[in-house]
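Read through the structure below, which is laid out as structure tokens, and then see the notes.
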Amino acid sequence: MTFITQSFRCLAGKVSRFLPHLPFRENSSARRLNGVCLLMVGAALLALFGADIEIYAVDPWQELGKIGWGLLLPGWSDLPALLQALGYTVAFALLAVAVAAPLGLLLAMVFHWRPIRLLCAALRSVHELFWGLIFMQIFGLSATTGLLAILVPFTGVFGKVFAEIFEQQATQPAQTLPPAATGLKRTAYTLLPQSWSALLSYTRYRFECALRSSAILGFIGLPTLGFHLETAFKQGQYSEAGALLWAFLLLIASLRWWLRARLIPLYLIAAVWLLPETIGFSGGGSLWQFVSVDIWPSALRAGDGSGLLDWLTMMFSEQVWPGLVQTLLLTQIAVVLTGVLVLLTYPLASRALVGPVMRWPGRLLLLVLRSTPEMVLVYVLLLLLGPSGLPVVLALALHNGGLIAFLVANASDAEHKSRITRADDPQGLKRYAYVETPRRFPAMLAFLFYRWEVILRESAIMGILGIATLGFYIDSAFEEIRYDRAFLLIVVTALLNIVVDSVSRRLRRQALPDTAQ
Amino acid sequence: MPTAPVLLQLTHQSISYGDHRVLADISLTIRQGEKVALLGPSGAGKTTLMNLLYQQQPETSALQPQGGGLVDLLSVYQNIFMGGLDRFSTLTALWNLIRPLSSARSDITAIAQTLGLQDKLWQSVDRLSGGQRQRVAIGRALFRRQPVFFGDEPVSSVDPLQAEMLLAYLLEQHETAVISLHNRQLALDHFDRIVVLREGRLCCDCPARELNGEQLDEFYQQVSSPVSGLPGNTDDGWVIRTS
């Protein structure tokens with residue numbers, strides 16, 4: 001988290017050269033920022049017309065009451081099973097990060113090489129759950145599938161982010177080295193020690209993400225927390241579900257106490273020992289068969305040109321296009337809603353706005369929102385509101401809003417009583433409107449752009465839960481064992497992700513020149 | 001030394017960053033064995049000129065940039081060791097990060113003793129003062145063991161007595177040296193040749209013995225800055241006012 005806070009600090013208050021290429025170029029930074037916001041909000045309002053966001057449930061309040069009681073009065077009948085699920089969740093996350101981080105580091109060292117950049121972009125543009133579905137066809141419901149599902153996309157993320165961290169380092173130390181000293185030893189003496197703390201804190205943050213990914217892998221059948229959570233919700237055992245959720249939140253909240261550098265080797269050994277043995281390995285999947293035959297449409301394999309064209313037309317009009325549209329619409333609404341939520345919730349956790357004591361409930365709320373996996377939130381909201389895009393939009397806004405608001409509140413606290421504070425600063429709402437929000441706004445916007453790509457990936461994956469985004473069609477294709485369709489849809493999703501990533505990076509660069517990463 | 005071979009040469013060299021002209025039409029020849037002091041107000045282009053010269057012979061030169069280029073997390077020993085990285089294989093160099101090599105240890109201890117850093121050898125450099133850090137940077141340049149030295153204000157943060165001693169040692173250890181300074185007395189006392197840069201142009205290039213302090217002051221006072229009119233200039237003969 002410190003990694004993000006650090007980049008937060010360096011971008012706060014640097015909006016001087018703002019939006020040089022947009023048509024509404026003005027001499028006021030605020031006006032330019034507002035211009036971008038207006039664009040985003042306008043697009044979201046348009047999206048409201050096309051998106052499926054109705055409430056289908058008859059009586060959401062009754063169900064909400066039951067879930068609320070379950071959360072307040074958690075209970076479990078089978079403690080060993082709960083502990084085992086927690087153990088699996090941690091084991092997958094730990095081993096995956098332990099492999100992905102060093103791999104990412106190696107990729108980061110050769111990141112200037114274009115094929116490596118493309119490889120990283122491709123790896124991270126496909127969601128963990130989709131990787132899980134792919135590997136499940138080959139390795140069955142096994143530990144290999146769980147590990148690969150996390151470590152493959154995480155390697156891509158590590159490669160990119162580590163390379164960005166390297167780029168931020170001063171070049172002077174490298175200049176004083178003998179030009180003949182190249183490669184690994186050059187990096188080992190300069191970039192690596194220079195960026196060590198940034199690398200570590202990012203890896204730590206990613207481990208937290210890996211725990212969430214590992215938990216939700218249960219939704220596709222692996223024996224992690226998500227599996228038990230889904231079962232408990234399906235059977236209406238809300239107090240058990242509550243216990244699982246609290247256990248997960250405690251696991252994340254206590255990270256700083258149990259994740260110690262010295263203990264990590266011990267944990268790794270324990271994780272290997274703990275990993276579930278191959279569970280129900282289907283055995284039928286062969287990697288070569290899958291890659292060379294299964295994922296290609298039969299018309300293509302037969303060399304039937306018109307058949308292929310028919311297949312593509314059918315796929316595009318019935319699945320790709322509707323899935324794509326819903327995914328984009330929901331993403332746009334979710335992004336804007338996230339922004340609104342940040343503006344509403346960050347003051348609750350800020351010392352300057354609610355005081356040193358009252359900020360703790362706010363911080364707790366944001367921490368819970370941040371730590372709960374999006375998919376679990378969606379799942380709960382689906383039970384309440386019925387199967388539409390609304391649960392997805394709300395859940396993504398709650399999770400990401402909590403995450404960003406937490407960082408914004410931290411930045412506000414970091415400036416509390418610093419040199420720029422004045423004795424005659426206004427208080428209360430006036431302070432919120434005139435001091436805190438304007439100061440935090442550029443960084444908040446940068447974070448929002450940063451999360452755009454993440455929100456898109458998530459809203460695509462939520463289709464697994466039955467909402468008609470791209471994930472829905474992918475999941476159905478896997479269920480019907482039509483790998484050719486699944487492959488096409490995953491490629492489309494990945495491309496969409498790469499496009500949105502580059503659009504958001506461009507917008508970020510124009511809007512906030514100092515947040516290039 | 002007109003007979004010594006030419007080591008570094010610039011002819012009509014200009015450099016601009018955007019609209020800002022940093023160096024304008026610089027022609028400069030430096031021969032083997034010359035000790036050149038580079039003077040001039042801040043922002044005159046000294047660092048740019050230094051980097052330009054360094055790039056002509058990076059393999060045989062030791063560079064000490066402003067700020068030193070230290071790696072904070074590493075110890076004084078490792079920061080000095082880095083200067084000799086080309087003399088060790090990758091595996092040896094990586095092993096040295098875990099367990100310092102006994103062979104390099106004695107050499108670097110000797111360098112640290114010369115620099116007065118023997119007590120700090122195993123401290124990470126982020127715990128050191130500005131003067132100590134600068135001495136570590138000097139240590140790295142010494143461990144490079146090259147005939148040419150480029151230093152961008154290499155002794156600006158150490159106390160005057162030590163500065164003079166260290167500068168003399170650096171000049172003695174390197175056959176050829178190009179060093180930028182703000183201290184005109186050190187320049188006059190220790191160098192054969194003085195080059196003065198102002199607003200990106202060479203405005204003086206002559207043997208040190210033909211110059212004196214007052215002449216050097218004039219180069220600075222021509223700059224249209226409020227300081228040039230201050231009477232304080234004459235009380236402080238030791239440091240050249242820069243801005």
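The chains in the structure tokens are called A, B, ... from first to last as shown; in each chain the residues are counted from 1, and the ligands are counted from 1 in the order shown.
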Could you give me, as a PyMOL selection string, the residues within 7 Å of Phe92 in chain A, counting only C-alpha atoms and dropping anything in the same chain fewer than 2 positions from it?
chain A and resi 88-90+94-96+146-147+214
Per-residue nearest contacts of chain A to chain B (12 Å; only C-alpha atoms) as a Markdown table:
| residue | atom | partner | partner_atom | distance |
| --- | --- | --- | --- | --- |
| A:Gln169 | CA | B:Val71 | CA | 10.3 |
| A:Ala170 | CA | B:Gly69 | CA | 8.0 |
| A:Thr171 | CA | B:Gly69 | CA | 7.8 |
| A:Gln172 | CA | B:Gly69 | CA | 4.5 |
| A:Pro173 | CA | B:Gly69 | CA | 3.9 |
| A:Ala174 | CA | B:Gly69 | CA | 7.5 |
| A:Gln175 | CA | B:Gly69 | CA | 7.6 |
| A:Thr176 | CA | B:Leu63 | CA | 5.4 |
| A:Leu177 | CA | B:Gly83 | CA | 5.5 |
| A:Pro178 | CA | B:Asp86 | CA | 5.9 |
| A:Pro179 | CA | B:Glu59 | CA | 6.0 |
| A:Ala180 | CA | B:Asp86 | CA | 5.5 |
| A:Ala181 | CA | B:Asp86 | CA | 4.6 |
| A:Thr182 | CA | B:Asp86 | CA | 8.2 |
| A:Gly183 | CA | B:Thr90 | CA | 8.4 |
| A:Leu184 | CA | B:Thr90 | CA | 6.9 |
| A:Lys185 | CA | B:Thr90 | CA | 5.3 |
| A:Arg186 | CA | B:Leu85 | CA | 7.9 |
| A:Thr187 | CA | B:Leu94 | CA | 10.2 |
| A:Ala188 | CA | B:Leu94 | CA | 7.1 |
| A:Tyr189 | CA | B:Met82 | CA | 7.0 |
| A:Thr190 | CA | B:Val71 | CA | 6.4 |
| A:Leu191 | CA | B:Val71 | CA | 8.6 |
| A:Leu192 | CA | B:Val71 | CA | 9.5 |
| A:Pro193 | CA | B:Leu73 | CA | 5.7 |
| A:Gln194 | CA | B:Val71 | CA | 5.7 |
| A:Ser195 | CA | B:Leu73 | CA | 9.0 |
| A:Trp196 | CA | B:Leu73 | CA | 8.1 |
| A:Ser197 | CA | B:Leu73 | CA | 9.1 |
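Candidate residues B:Leu211, B:Gly116, B:Leu197, B:Glu34 were compared for distance to Leu166 in chain B, and the nearest is B:Gly116, using only C-alpha atoms.
With only C-alpha atoms taken into account, the protein and nucleic acid residues at most 12 Å from Leu82 in chain A (excluding it and anything under 5 positions from it in its own chain) are Gly75, Trp76, Ser77, Gly87, Tyr88, Thr89, Pro223, Thr224, Leu225, Gly226, Phe227, His228, Leu229, Ala232, Glu240, Ala241, Gly242, Ala243, Leu244, Leu245, Trp246, Ala247 and Phe248 of chain A.
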Grab the CA of Ala163 in chain A to CA of Leu199 in chain A distance for me, in Å with one decimal place.
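Between CA of Ala163 in chain A and CA of Leu199 in chain A the gap works out to 10.1 Å.
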DSSP-assigned alpha helix (DSSP H) among range 370-504 of chain A, expressed as an NGL selection string
:A and (370-371 or 374-385 or 389-415 or 428-431 or 437-461 or 470-479 or 483-504)
Polymer residues at most 12 Å from Val99 in chain A, only C-alpha atoms, same-chain spacing of 4 or more positions, as a ChimeraX atom specification
/A:92-95,103-106,147-148,150-156,158,203,207,268
Would you put the residues from that selection into a file with N, CA and C atoms, as a PDB file, in the first residue's frame?
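See again-v8.pdb below for the written result:
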ATOM      1  N   PHE A  92      -2.399 -20.963  -1.693  1.00  0.00           N
ATOM      2  CA  PHE A  92      -2.406 -20.613  -3.126  1.00  0.00           C
ATOM      3  C   PHE A  92      -1.806 -19.231  -3.347  1.00  0.00           C
ATOM      4  N   ALA A  93      -2.272 -18.265  -2.536  1.00  0.00           N
ATOM      5  CA  ALA A  93      -1.817 -16.883  -2.724  1.00  0.00           C
ATOM      6  C   ALA A  93      -0.318 -16.783  -2.493  1.00  0.00           C
ATOM      7  N   LEU A  94       0.162 -17.404  -1.425  1.00  0.00           N
ATOM      8  CA  LEU A  94       1.568 -17.277  -1.050  1.00  0.00           C
ATOM      9  C   LEU A  94       2.485 -17.898  -2.106  1.00  0.00           C
ATOM     10  N   LEU A  95       2.162 -19.130  -2.513  1.00  0.00           N
ATOM     11  CA  LEU A  95       3.020 -19.800  -3.490  1.00  0.00           C
ATOM     12  C   LEU A  95       2.982 -19.072  -4.830  1.00  0.00           C
ATOM     13  N   LEU A 103       9.678 -13.937 -11.111  1.00  0.00           N
ATOM     14  CA  LEU A 103       9.518 -13.977 -12.568  1.00  0.00           C
ATOM     15  C   LEU A 103       9.269 -12.576 -13.108  1.00  0.00           C
ATOM     16  N   GLY A 104       8.386 -11.842 -12.420  1.00  0.00           N
ATOM     17  CA  GLY A 104       8.085 -10.479 -12.836  1.00  0.00           C
ATOM     18  C   GLY A 104       9.319  -9.599 -12.801  1.00  0.00           C
ATOM     19  N   LEU A 105      10.158  -9.842 -11.795  1.00  0.00           N
ATOM     20  CA  LEU A 105      11.395  -9.062 -11.660  1.00  0.00           C
ATOM     21  C   LEU A 105      12.299  -9.299 -12.875  1.00  0.00           C
ATOM     22  N   LEU A 106      12.418 -10.565 -13.274  1.00  0.00           N
ATOM     23  CA  LEU A 106      13.232 -10.873 -14.454  1.00  0.00           C
ATOM     24  C   LEU A 106      12.650 -10.206 -15.699  1.00  0.00           C
ATOM     25  N   LEU A 147      -2.836 -22.610  -8.679  1.00  0.00           N
ATOM     26  CA  LEU A 147      -1.583 -21.850  -8.649  1.00  0.00           C
ATOM     27  C   LEU A 147      -1.381 -21.073  -9.937  1.00  0.00           C
ATOM     28  N   LEU A 148      -1.535 -21.770 -11.074  1.00  0.00           N
ATOM     29  CA  LEU A 148      -1.305 -21.113 -12.359  1.00  0.00           C
ATOM     30  C   LEU A 148      -2.294 -19.973 -12.580  1.00  0.00           C
ATOM     31  N   ILE A 150      -3.472 -17.895 -10.582  1.00  0.00           N
ATOM     32  CA  ILE A 150      -3.041 -16.648  -9.942  1.00  0.00           C
ATOM     33  C   ILE A 150      -1.701 -16.195 -10.495  1.00  0.00           C
ATOM     34  N   LEU A 151      -0.764 -17.128 -10.619  1.00  0.00           N
ATOM     35  CA  LEU A 151       0.602 -16.667 -10.906  1.00  0.00           C
ATOM     36  C   LEU A 151       0.794 -16.192 -12.343  1.00  0.00           C
ATOM     37  N   VAL A 152       0.015 -16.706 -13.276  1.00  0.00           N
ATOM     38  CA  VAL A 152       0.203 -16.265 -14.667  1.00  0.00           C
ATOM     39  C   VAL A 152      -0.162 -14.777 -14.832  1.00  0.00           C
ATOM     40  N   PRO A 153      -1.394 -14.353 -14.459  1.00  0.00           N
ATOM     41  CA  PRO A 153      -1.674 -12.919 -14.614  1.00  0.00           C
ATOM     42  C   PRO A 153      -0.818 -12.052 -13.685  1.00  0.00           C
ATOM     43  N   PHE A 154      -0.499 -12.562 -12.488  1.00  0.00           N
ATOM     44  CA  PHE A 154       0.292 -11.761 -11.550  1.00  0.00           C
ATOM     45  C   PHE A 154       1.711 -11.528 -12.070  1.00  0.00           C
ATOM     46  N   THR A 155       2.258 -12.512 -12.796  1.00  0.00           N
ATOM     47  CA  THR A 155       3.587 -12.314 -13.373  1.00  0.00           C
ATOM     48  C   THR A 155       3.563 -11.116 -14.320  1.00  0.00           C
ATOM     49  N   GLY A 156       2.502 -11.037 -15.132  1.00  0.00           N
ATOM     50  CA  GLY A 156       2.376  -9.906 -16.048  1.00  0.00           C
ATOM     51  C   GLY A 156       2.290  -8.582 -15.312  1.00  0.00           C
ATOM     52  N   PHE A 158       3.349  -7.930 -12.185  1.00  0.00           N
ATOM     53  CA  PHE A 158       4.635  -7.641 -11.541  1.00  0.00           C
ATOM     54  C   PHE A 158       5.636  -7.103 -12.552  1.00  0.00           C
ATOM     55  N   THR A 203       4.888  -5.716  -3.595  1.00  0.00           N
ATOM     56  CA  THR A 203       4.675  -7.162  -3.514  1.00  0.00           C
ATOM     57  C   THR A 203       3.716  -7.496  -2.372  1.00  0.00           C
ATOM     58  N   PHE A 207       0.161  -9.290  -2.596  1.00  0.00           N
ATOM     59  CA  PHE A 207      -0.174 -10.500  -1.849  1.00  0.00           C
ATOM     60  C   PHE A 207      -1.601 -10.390  -1.320  1.00  0.00           C
ATOM     61  N   LEU A 268       6.175 -20.838   3.370  1.00  0.00           N
ATOM     62  CA  LEU A 268       6.218 -21.451   2.044  1.00  0.00           C
ATOM     63  C   LEU A 268       6.246 -22.970   2.155  1.00  0.00           C
TER      64      LEU A 268
END
Could you tell me how far CA of Leu101 in chain B sits from CA of Met109 in chain A, in Å to one decimal place?
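CA of Met109 in chain A sits 25.9 Å away from CA of Leu101 in chain B.
Proximity to Leu383 in chain A at 10 Å, evaluated using only C-alpha atoms and with sequence-adjacent residues fewer than 4 positions away removed, yields Tyr56, Ala57, Pro60, Glu63, Leu64, Ile67, Phe233, Lys234, Val378, Tyr379, Pro387 and Pro391 of chain A.
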Please determine, counting only C-alpha atoms, which residue among A:Thr372, A:Arg117, A:Gly362, A:Gly401 has the shortest atom-to-atom distance to Val340 in chain A.
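Closest to Val340 in chain A of all the choices is A:Gly401.
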Given only C-alpha atoms as the counted atoms, nearest of B:Gly213, B:Pro160, B:Gly43, B:Pro207 to His20 in chain B
B:Gly43
Please compute the CA of Gly323 in chain A-CA of Glu453 in chain A distance, one decimal, in Å.
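According to the coordinates, CA of Gly323 in chain A and CA of Glu453 in chain A are separated by 16.7 Å.
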Contact residues around Val499 in chain A with only C-alpha atoms at 12 Å, ignoring same-chain residues under 5 positions, as a PyMOL selection string:
chain A and resi 121-122+125+328+452-453+456-457+492-494+504-506
Selection: 9 Å around range 295-309 of chain A, only C-alpha atoms, excl. self and same-chain fewer than 6 positions, as a PDB file with N, CA and C atoms, in the first residue's frame:
ATOM      1  N   GLN A 289      -3.523 -31.152 -27.241  1.00  0.00           N
ATOM      2  CA  GLN A 289      -4.841 -31.291 -27.852  1.00  0.00           C
ATOM      3  C   GLN A 289      -5.627 -29.987 -27.685  1.00  0.00           C
ATOM      4  N   ARG A 482     -17.534 -25.787 -25.474  1.00  0.00           N
ATOM      5  CA  ARG A 482     -17.245 -25.185 -26.782  1.00  0.00           C
ATOM      6  C   ARG A 482     -16.038 -24.270 -26.576  1.00  0.00           C
ATOM      7  N   TYR A 483     -14.851 -24.893 -26.577  1.00  0.00           N
ATOM      8  CA  TYR A 483     -13.640 -24.127 -26.266  1.00  0.00           C
ATOM      9  C   TYR A 483     -13.335 -23.082 -27.325  1.00  0.00           C
ATOM     10  N   ASP A 484     -13.753 -23.349 -28.575  1.00  0.00           N
ATOM     11  CA  ASP A 484     -13.476 -22.377 -29.635  1.00  0.00           C
ATOM     12  C   ASP A 484     -14.168 -21.050 -29.331  1.00  0.00           C
ATOM     13  N   ARG A 485     -15.428 -21.157 -28.858  1.00  0.00           N
ATOM     14  CA  ARG A 485     -16.150 -19.929 -28.502  1.00  0.00           C
ATOM     15  C   ARG A 485     -15.482 -19.243 -27.315  1.00  0.00           C
ATOM     16  N   ALA A 486     -15.168 -20.033 -26.294  1.00  0.00           N
ATOM     17  CA  ALA A 486     -14.550 -19.468 -25.090  1.00  0.00           C
ATOM     18  C   ALA A 486     -13.266 -18.736 -25.460  1.00  0.00           C
ATOM     19  N   PHE A 487     -12.465 -19.365 -26.326  1.00  0.00           N
ATOM     20  CA  PHE A 487     -11.178 -18.780 -26.695  1.00  0.00           C
ATOM     21  C   PHE A 487     -11.376 -17.436 -27.395  1.00  0.00           C
ATOM     22  N   LEU A 488     -12.316 -17.416 -28.370  1.00  0.00           N
ATOM     23  CA  LEU A 488     -12.578 -16.167 -29.091  1.00  0.00           C
ATOM     24  C   LEU A 488     -13.015 -15.065 -28.119  1.00  0.00           C
TER      25      LEU A 488
END
Set out as JSON lines a contact list for range 424-484 of chain A and range 413-418 of chain A with a cut-off of 12 Å, giving each residue of range 424-484 of chain A that qualifies its closest atom pair and distance in Å to one decimal, counting only C-alpha atoms, ordered by chain and rising residue number.
{"residue": "A:Asp425", "atom": "CA", "partner": "A:Lys417", "partner_atom": "CA", "distance": 11.0}
{"residue": "A:Val435", "atom": "CA", "partner": "A:Glu415", "partner_atom": "CA", "distance": 11.4}
{"residue": "A:Glu436", "atom": "CA", "partner": "A:Glu415", "partner_atom": "CA", "distance": 9.8}
{"residue": "A:Arg439", "atom": "CA", "partner": "A:Glu415", "partner_atom": "CA", "distance": 10.2}
{"residue": "A:Arg440", "atom": "CA", "partner": "A:Glu415", "partner_atom": "CA", "distance": 10.7}
